[in-house]
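This report concerns only the one structure given below.
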Amino acid sequence: MVLMSNLNAKGATAALPPALLQVRGVTLEYATQERVVRATHRIDLDVHQADRFVLLGPSGCGKSTLLKAIAGFIPPTEGRIVLDGTPVKGPGADRIVVFQEFDQLPPWKTVLGNVMFPLLSTRSLPRAEVRERAQDAIAKVGLAGFEDAYPHQLSGGMKQRVAIARALSMKPRVLLMDEPFAALDALTRRKMQEELLQLWDEVRFTLIFVTHSIEEALVVGNRVALLSPRPGRVKAEVNCHDWDLHSMGGEDFQSAANRIHDTLFAEEP
Ligand SMILES: Nc1ncnc2c1ncn2[C@@H]1O[C@H](COP(=O)(O)OP(=O)(O)O)[C@@H](O)[C@H]1O
Ligand SMILES: [Mg+2]
């Protein structure tokens, strides 16, 4: 059963504890030489502990911009972003981003070196402990035995797993993923979705996941915000705990996907 509800409907989250991440009336703009581009307009979102929250929408609807704002790289021109009761003022180790690009791993560092690097940079833990945590994260993403490999010796999917291990080893409050599997071939992509869900089952991290694929949103997310472009706004929110990779292709799954498609592309009244 897919439950469609307007996110802005008052009381929709009244029964839940205060959200881990609150996005309130967030407008994001880019000032170019000629004009100001409004990327998102007054976005409201609540992300709860252990949510797999998906931002879904067509290209240009402000998904990446919103993710960057949550990561602390872009300040809102309007509204606020609050994590665990504290306003987001800039980047921090409590929010880590995994990108789509494979080149996010420095090629001169081994898998272990890549995973250890950001944790070492925080200077918060002794080296031995960093190494242990990194090895643990590498094992969790199924790369035990590849600690000494270099990025060029790995497949695209494996490199993406290294990036995920690196992010997880930081133990962020929120893991942010921007179309992390979009550049992978279809089979690898599916495998990565499956692995991400397994990992979530084990670790129960809080995830904000950006995609423009309706199917991927339904499979990966437990909640999906549907965004419409120019400027990006939240059109609706969908609960979808019921779907996993095995639902794909099924009749219910397809009709849910169709409904989302219709909502996303419905003309404004
Ligand atoms: N650096 C930038 N300067 C100016 N406009 C930008 C910049 N980055 C993105 N935009 C514009 O902001 C809007 C949202 O972009 P983006 O967040 O990348 O969308 P999405 O990730 O959903 O494809 C688009 O209209 C895009 O052209
Ligand atoms: Mg994007």
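Just so we're on the same page: first chain in the structure tokens is A, next is B, and so on; residues restart at 1 for each chain, and ligands are numbered from 1 in the order they show up.
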
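Each residue with an atom within 7 Å of any atom of ligand 1 appears in the list, which was built counting only C-alpha atoms and all ligand atoms: Tyr30, Ala31, Thr32, Val37, Arg38, Ala39, Gly57, Pro58, Ser59, Gly60, Cys61, Gly62, Lys63, Ser64, Thr65, Leu66 and Arg230 of chain A.
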
As a list in words, please: the residues near Gln198 of chain A (cut-off 10 Å, only C-alpha atoms, same-chain neighbours under 5 positions excluded).
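Using only C-alpha atoms, the neighbours found are Lys140, Val141, Met192, Gln193, Val203 and Arg204 of chain A.
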
Could you save those same residues with N, CA and C atoms as a JSON list (two decimals), in the first residue's frame?
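Now in result.json:
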```json
[["chain", "number", "residue", "atom", "x", "y", "z"],
["A", 140, "LYS", "N", 32.41, -4.46, 5.85],
["A", 140, "LYS", "CA", 30.94, -4.30, 5.78],
["A", 140, "LYS", "C", 30.46, -4.13, 4.36],
["A", 141, "VAL", "N", 31.23, -3.46, 3.52],
["A", 141, "VAL", "CA", 30.81, -3.27, 2.13],
["A", 141, "VAL", "C", 31.32, -4.40, 1.22],
["A", 192, "MET", "N", 24.18, -2.89, -6.37],
["A", 192, "MET", "CA", 24.55, -1.86, -5.39],
["A", 192, "MET", "C", 23.34, -1.43, -4.55],
["A", 193, "GLN", "N", 22.17, -1.37, -5.20],
["A", 193, "GLN", "CA", 20.95, -1.03, -4.44],
["A", 193, "GLN", "C", 20.69, -2.09, -3.39],
["A", 203, "VAL", "N", 23.38, -1.69, 9.75],
["A", 203, "VAL", "CA", 23.91, -0.52, 10.46],
["A", 203, "VAL", "C", 22.82, 0.46, 10.88],
["A", 204, "ARG", "N", 21.71, 0.49, 10.13],
["A", 204, "ARG", "CA", 20.59, 1.41, 10.41],
["A", 204, "ARG", "C", 21.01, 2.87, 10.45]]
```

Min atom-atom distance to ligand 2 from the set A:Phe99, A:Trp108, A:Phe253, A:Phe265, counting only C-alpha atoms and all ligand atoms, belongs to A:Phe99

Per DSSP on the backbone, what are the strand (DSSP E) residues of segment 52-233 of chain A, as a PyMOL selection string?
chain A and resi 52-56+78-83+86-87+95-98+174-178+207-211+223-228+233

Write to file, as a JSON list (two decimals), in the first residue's frame, the residues of the selection just made, with N, CA and C atoms.
```
[["chain", "number", "residue", "atom", "x", "y", "z"],
["A", 52, "ARG", "N", 15.29, 6.10, 5.23],
["A", 52, "ARG", "CA", 15.98, 6.10, 3.94],
["A", 52, "ARG", "C", 15.15, 7.06, 3.08],
["A", 53, "PHE", "N", 15.54, 8.30, 3.19],
["A", 53, "PHE", "CA", 14.72, 9.38, 2.63],
["A", 53, "PHE", "C", 15.21, 9.71, 1.23],
["A", 54, "VAL", "N", 14.32, 9.62, 0.26],
["A", 54, "VAL", "CA", 14.72, 9.84, -1.14],
["A", 54, "VAL", "C", 14.20, 11.18, -1.65],
["A", 55, "LEU", "N", 15.07, 11.94, -2.30],
["A", 55, "LEU", "CA", 14.67, 13.13, -3.05],
["A", 55, "LEU", "C", 14.58, 12.72, -4.51],
["A", 56, "LEU", "N", 13.36, 12.71, -5.04],
["A", 56, "LEU", "CA", 13.12, 12.24, -6.40],
["A", 56, "LEU", "C", 12.57, 13.37, -7.26],
["A", 78, "GLU", "N", 16.66, 31.67, 2.48],
["A", 78, "GLU", "CA", 15.44, 31.76, 3.26],
["A", 78, "GLU", "C", 15.28, 30.42, 3.98],
["A", 79, "GLY", "N", 14.79, 30.43, 5.21],
["A", 79, "GLY", "CA", 14.53, 29.19, 5.92],
["A", 79, "GLY", "C", 15.74, 28.68, 6.68],
["A", 80, "ARG", "N", 15.59, 27.47, 7.25],
["A", 80, "ARG", "CA", 16.70, 26.92, 8.04],
["A", 80, "ARG", "C", 16.75, 25.41, 7.96],
["A", 81, "ILE", "N", 17.93, 24.91, 8.23],
["A", 81, "ILE", "CA", 18.18, 23.47, 8.26],
["A", 81, "ILE", "C", 18.72, 23.15, 9.65],
["A", 82, "VAL", "N", 18.07, 22.23, 10.35],
["A", 82, "VAL", "CA", 18.45, 21.93, 11.72],
["A", 82, "VAL", "C", 18.72, 20.44, 11.85],
["A", 83, "LEU", "N", 19.91, 20.10, 12.35],
["A", 83, "LEU", "CA", 20.27, 18.70, 12.56],
["A", 83, "LEU", "C", 20.40, 18.47, 14.05],
["A", 86, "THR", "N", 20.54, 21.44, 16.22],
["A", 86, "THR", "CA", 21.55, 22.47, 15.96],
["A", 86, "THR", "C", 21.46, 22.95, 14.52],
["A", 87, "PRO", "N", 21.34, 24.27, 14.31],
["A", 87, "PRO", "CA", 21.28, 24.77, 12.93],
["A", 87, "PRO", "C", 22.55, 24.44, 12.15],
["A", 95, "ARG", "N", 27.76, 14.99, 8.62],
["A", 95, "ARG", "CA", 27.05, 14.81, 7.34],
["A", 95, "ARG", "C", 28.09, 14.53, 6.26],
["A", 96, "ILE", "N", 28.03, 13.34, 5.69],
["A", 96, "ILE", "CA", 29.03, 12.97, 4.68],
["A", 96, "ILE", "C", 28.32, 12.68, 3.35],
["A", 97, "VAL", "N", 28.90, 13.20, 2.27],
["A", 97, "VAL", "CA", 28.28, 13.03, 0.95],
["A", 97, "VAL", "C", 29.02, 11.97, 0.12],
["A", 98, "VAL", "N", 28.26, 11.09, -0.51],
["A", 98, "VAL", "CA", 28.81, 10.17, -1.51],
["A", 98, "VAL", "C", 28.27, 10.61, -2.86],
["A", 174, "VAL", "N", 23.99, 11.67, 9.37],
["A", 174, "VAL", "CA", 23.23, 11.50, 8.13],
["A", 174, "VAL", "C", 24.21, 11.20, 6.99],
["A", 175, "LEU", "N", 23.88, 10.19, 6.21],
["A", 175, "LEU", "CA", 24.67, 9.87, 5.02],
["A", 175, "LEU", "C", 23.93, 10.43, 3.81],
["A", 176, "LEU", "N", 24.62, 11.26, 3.02],
["A", 176, "LEU", "CA", 23.98, 11.91, 1.88],
["A", 176, "LEU", "C", 24.52, 11.29, 0.60],
["A", 177, "MET", "N", 23.63, 10.84, -0.28],
["A", 177, "MET", "CA", 24.09, 10.22, -1.52],
["A", 177, "MET", "C", 23.44, 10.91, -2.71],
["A", 178, "ASP", "N", 24.28, 11.44, -3.62],
["A", 178, "ASP", "CA", 23.75, 12.15, -4.78],
["A", 178, "ASP", "C", 23.88, 11.28, -6.03],
["A", 207, "LEU", "N", 19.74, 7.91, 5.97],
["A", 207, "LEU", "CA", 20.17, 8.13, 4.59],
["A", 207, "LEU", "C", 19.29, 9.15, 3.89],
["A", 208, "ILE", "N", 19.93, 10.09, 3.20],
["A", 208, "ILE", "CA", 19.19, 10.93, 2.25],
["A", 208, "ILE", "C", 19.79, 10.63, 0.88],
["A", 209, "PHE", "N", 18.94, 10.15, -0.01],
["A", 209, "PHE", "CA", 19.38, 9.58, -1.28],
["A", 209, "PHE", "C", 18.71, 10.32, -2.43],
["A", 210, "VAL", "N", 19.52, 10.85, -3.32],
["A", 210, "VAL", "CA", 18.99, 11.59, -4.47],
["A", 210, "VAL", "C", 18.96, 10.69, -5.70],
["A", 211, "THR", "N", 17.84, 10.72, -6.41],
["A", 211, "THR", "CA", 17.78, 9.98, -7.68],
["A", 211, "THR", "C", 16.74, 10.63, -8.60],
["A", 223, "ARG", "N", 10.78, 6.57, 2.52],
["A", 223, "ARG", "CA", 9.98, 7.76, 2.24],
["A", 223, "ARG", "C", 10.58, 8.48, 1.04],
["A", 224, "VAL", "N", 9.70, 9.00, 0.20],
["A", 224, "VAL", "CA", 10.17, 9.67, -1.01],
["A", 224, "VAL", "C", 9.49, 11.03, -1.12],
["A", 225, "ALA", "N", 10.30, 12.07, -1.26],
["A", 225, "ALA", "CA", 9.76, 13.39, -1.55],
["A", 225, "ALA", "C", 9.82, 13.61, -3.05],
["A", 226, "LEU", "N", 8.67, 13.98, -3.63],
["A", 226, "LEU", "CA", 8.61, 14.22, -5.07],
["A", 226, "LEU", "C", 8.81, 15.71, -5.32],
["A", 227, "LEU", "N", 9.83, 16.04, -6.08],
["A", 227, "LEU", "CA", 10.15, 17.45, -6.34],
["A", 227, "LEU", "C", 9.80, 17.83, -7.77],
["A", 228, "SER", "N", 9.29, 19.03, -7.92],
["A", 228, "SER", "CA", 9.02, 19.55, -9.26],
["A", 228, "SER", "C", 9.96, 20.72, -9.51],
["A", 233, "ARG", "N", 10.30, 22.42, -5.77],
["A", 233, "ARG", "CA", 9.35, 22.42, -4.65],
["A", 233, "ARG", "C", 8.97, 20.99, -4.34]]
```

Segment 36-231 of chain A: which residues are alpha helix (DSSP H) by DSSP, as an NGL selection string?
:A and (63-71 or 111-121 or 127-140 or 156-169 or 186-203 or 214-220)

Okay, now the selection with C-alpha atoms, as a compact mmCIF listing (two decimals), in the first residue's frame?
```txt
# COMPACT_ATOMS: atom_id res chain seq x y z
CA LYS A 63 18.07 17.87 -5.67
CA SER A 64 21.84 18.33 -5.69
CA THR A 65 21.52 21.89 -4.48
CA LEU A 66 19.35 20.82 -1.57
CA LEU A 67 21.79 18.04 -0.69
CA LYS A 68 24.68 20.52 -0.77
CA ALA A 69 22.73 22.84 1.52
CA ILE A 70 22.12 19.99 3.97
CA ALA A 71 25.84 19.17 3.77
CA VAL A 111 41.50 1.24 -0.54
CA LEU A 112 42.56 1.28 3.12
CA GLY A 113 44.32 4.62 2.68
CA ASN A 114 41.27 6.12 1.02
CA VAL A 115 38.95 4.99 3.78
CA MET A 116 41.32 6.06 6.56
CA PHE A 117 42.14 9.48 5.13
CA PRO A 118 39.14 11.62 6.17
CA LEU A 119 39.00 10.00 9.61
CA LEU A 120 42.71 10.71 10.13
CA SER A 121 42.12 14.30 9.01
CA ARG A 127 45.79 5.87 14.09
CA ALA A 128 45.31 2.27 15.24
CA GLU A 129 41.68 2.93 15.98
CA VAL A 130 41.18 4.66 12.63
CA ARG A 131 42.70 1.64 10.90
CA GLU A 132 40.42 -0.72 12.80
CA ARG A 133 37.33 1.32 11.99
CA ALA A 134 38.33 1.55 8.33
CA GLN A 135 38.91 -2.20 8.09
CA ASP A 136 35.56 -2.79 9.70
CA ALA A 137 33.82 -0.50 7.17
CA ILE A 138 35.68 -2.13 4.26
CA ALA A 139 34.51 -5.56 5.41
CA LYS A 140 30.94 -4.30 5.78
CA GLY A 156 33.05 1.07 -10.85
CA GLY A 157 30.82 -0.70 -8.35
CA MET A 158 33.77 -1.54 -6.11
CA LYS A 159 34.98 2.05 -6.16
CA GLN A 160 31.55 3.18 -5.15
CA ARG A 161 31.64 0.69 -2.27
CA VAL A 162 34.95 2.20 -1.13
CA ALA A 163 33.31 5.63 -1.14
CA ILE A 164 30.44 4.24 0.93
CA ALA A 165 32.87 2.55 3.36
CA ARG A 166 34.78 5.81 3.70
CA ALA A 167 31.56 7.67 4.50
CA LEU A 168 30.30 5.03 6.95
CA SER A 169 33.60 4.87 8.82
CA ALA A 186 22.07 -1.65 -14.95
CA LEU A 187 23.13 -4.95 -13.36
CA THR A 188 25.77 -3.39 -11.13
CA ARG A 189 23.34 -0.69 -10.18
CA ARG A 190 20.82 -3.24 -9.01
CA LYS A 191 23.45 -5.10 -7.06
CA MET A 192 24.55 -1.86 -5.39
CA GLN A 193 20.95 -1.03 -4.44
CA GLU A 194 20.62 -4.47 -2.90
CA GLU A 195 23.88 -4.10 -1.01
CA LEU A 196 22.95 -0.66 0.23
CA LEU A 197 19.72 -2.06 1.67
CA GLN A 198 21.61 -4.95 3.30
CA LEU A 199 24.06 -2.49 4.77
CA TRP A 200 21.23 -0.37 6.06
CA ASP A 201 19.65 -3.45 7.63
CA GLU A 202 22.87 -4.06 9.49
CA VAL A 203 23.91 -0.52 10.46
CA ILE A 214 11.27 6.35 -9.88
CA GLU A 215 12.09 2.65 -9.60
CA GLU A 216 15.26 3.31 -7.67
CA ALA A 217 13.37 5.65 -5.34
CA LEU A 218 10.75 2.99 -4.58
CA VAL A 219 13.35 0.31 -3.96
CA VAL A 220 15.83 2.33 -1.90
```

For atom CA of Ala182 of chain A and atom CA of Ile260 of chain A, quote the distance in Å rounded to one decimal.
19.6 Å

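Closest approach to Thr122 of chain A among A:Ala93, A:Ile43, A:Thr110, A:Glu147 is made by A:Ala93 (distances from only C-alpha atoms).
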
Using only C-alpha atoms, which of A:Ala256, A:Met248, A:Leu21, A:Leu184 sits nearest His48 of chain A?
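Using only C-alpha atoms, the shortest distance to His48 of chain A belongs to A:Leu21.
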
Measuring atom to atom with only C-alpha atoms, identify which of A:Leu28, A:Val36, A:Asp46, A:Asp51 is nearest to Thr77 of chain A.
A:Leu28

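Counting only C-alpha atoms and comparing A:Arg173, A:His241, A:His41, A:His246, the residue that lies closest to Glu29 of chain A is A:His41.
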
Here is a test: counting only C-alpha atoms and all ligand atoms, which residue of A:Glu179, A:Leu20, A:Ser124, A:Glu34 is nearest to ligand 2?
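Among the listed residues, the smallest separation from ligand 2 belongs to A:Glu179.
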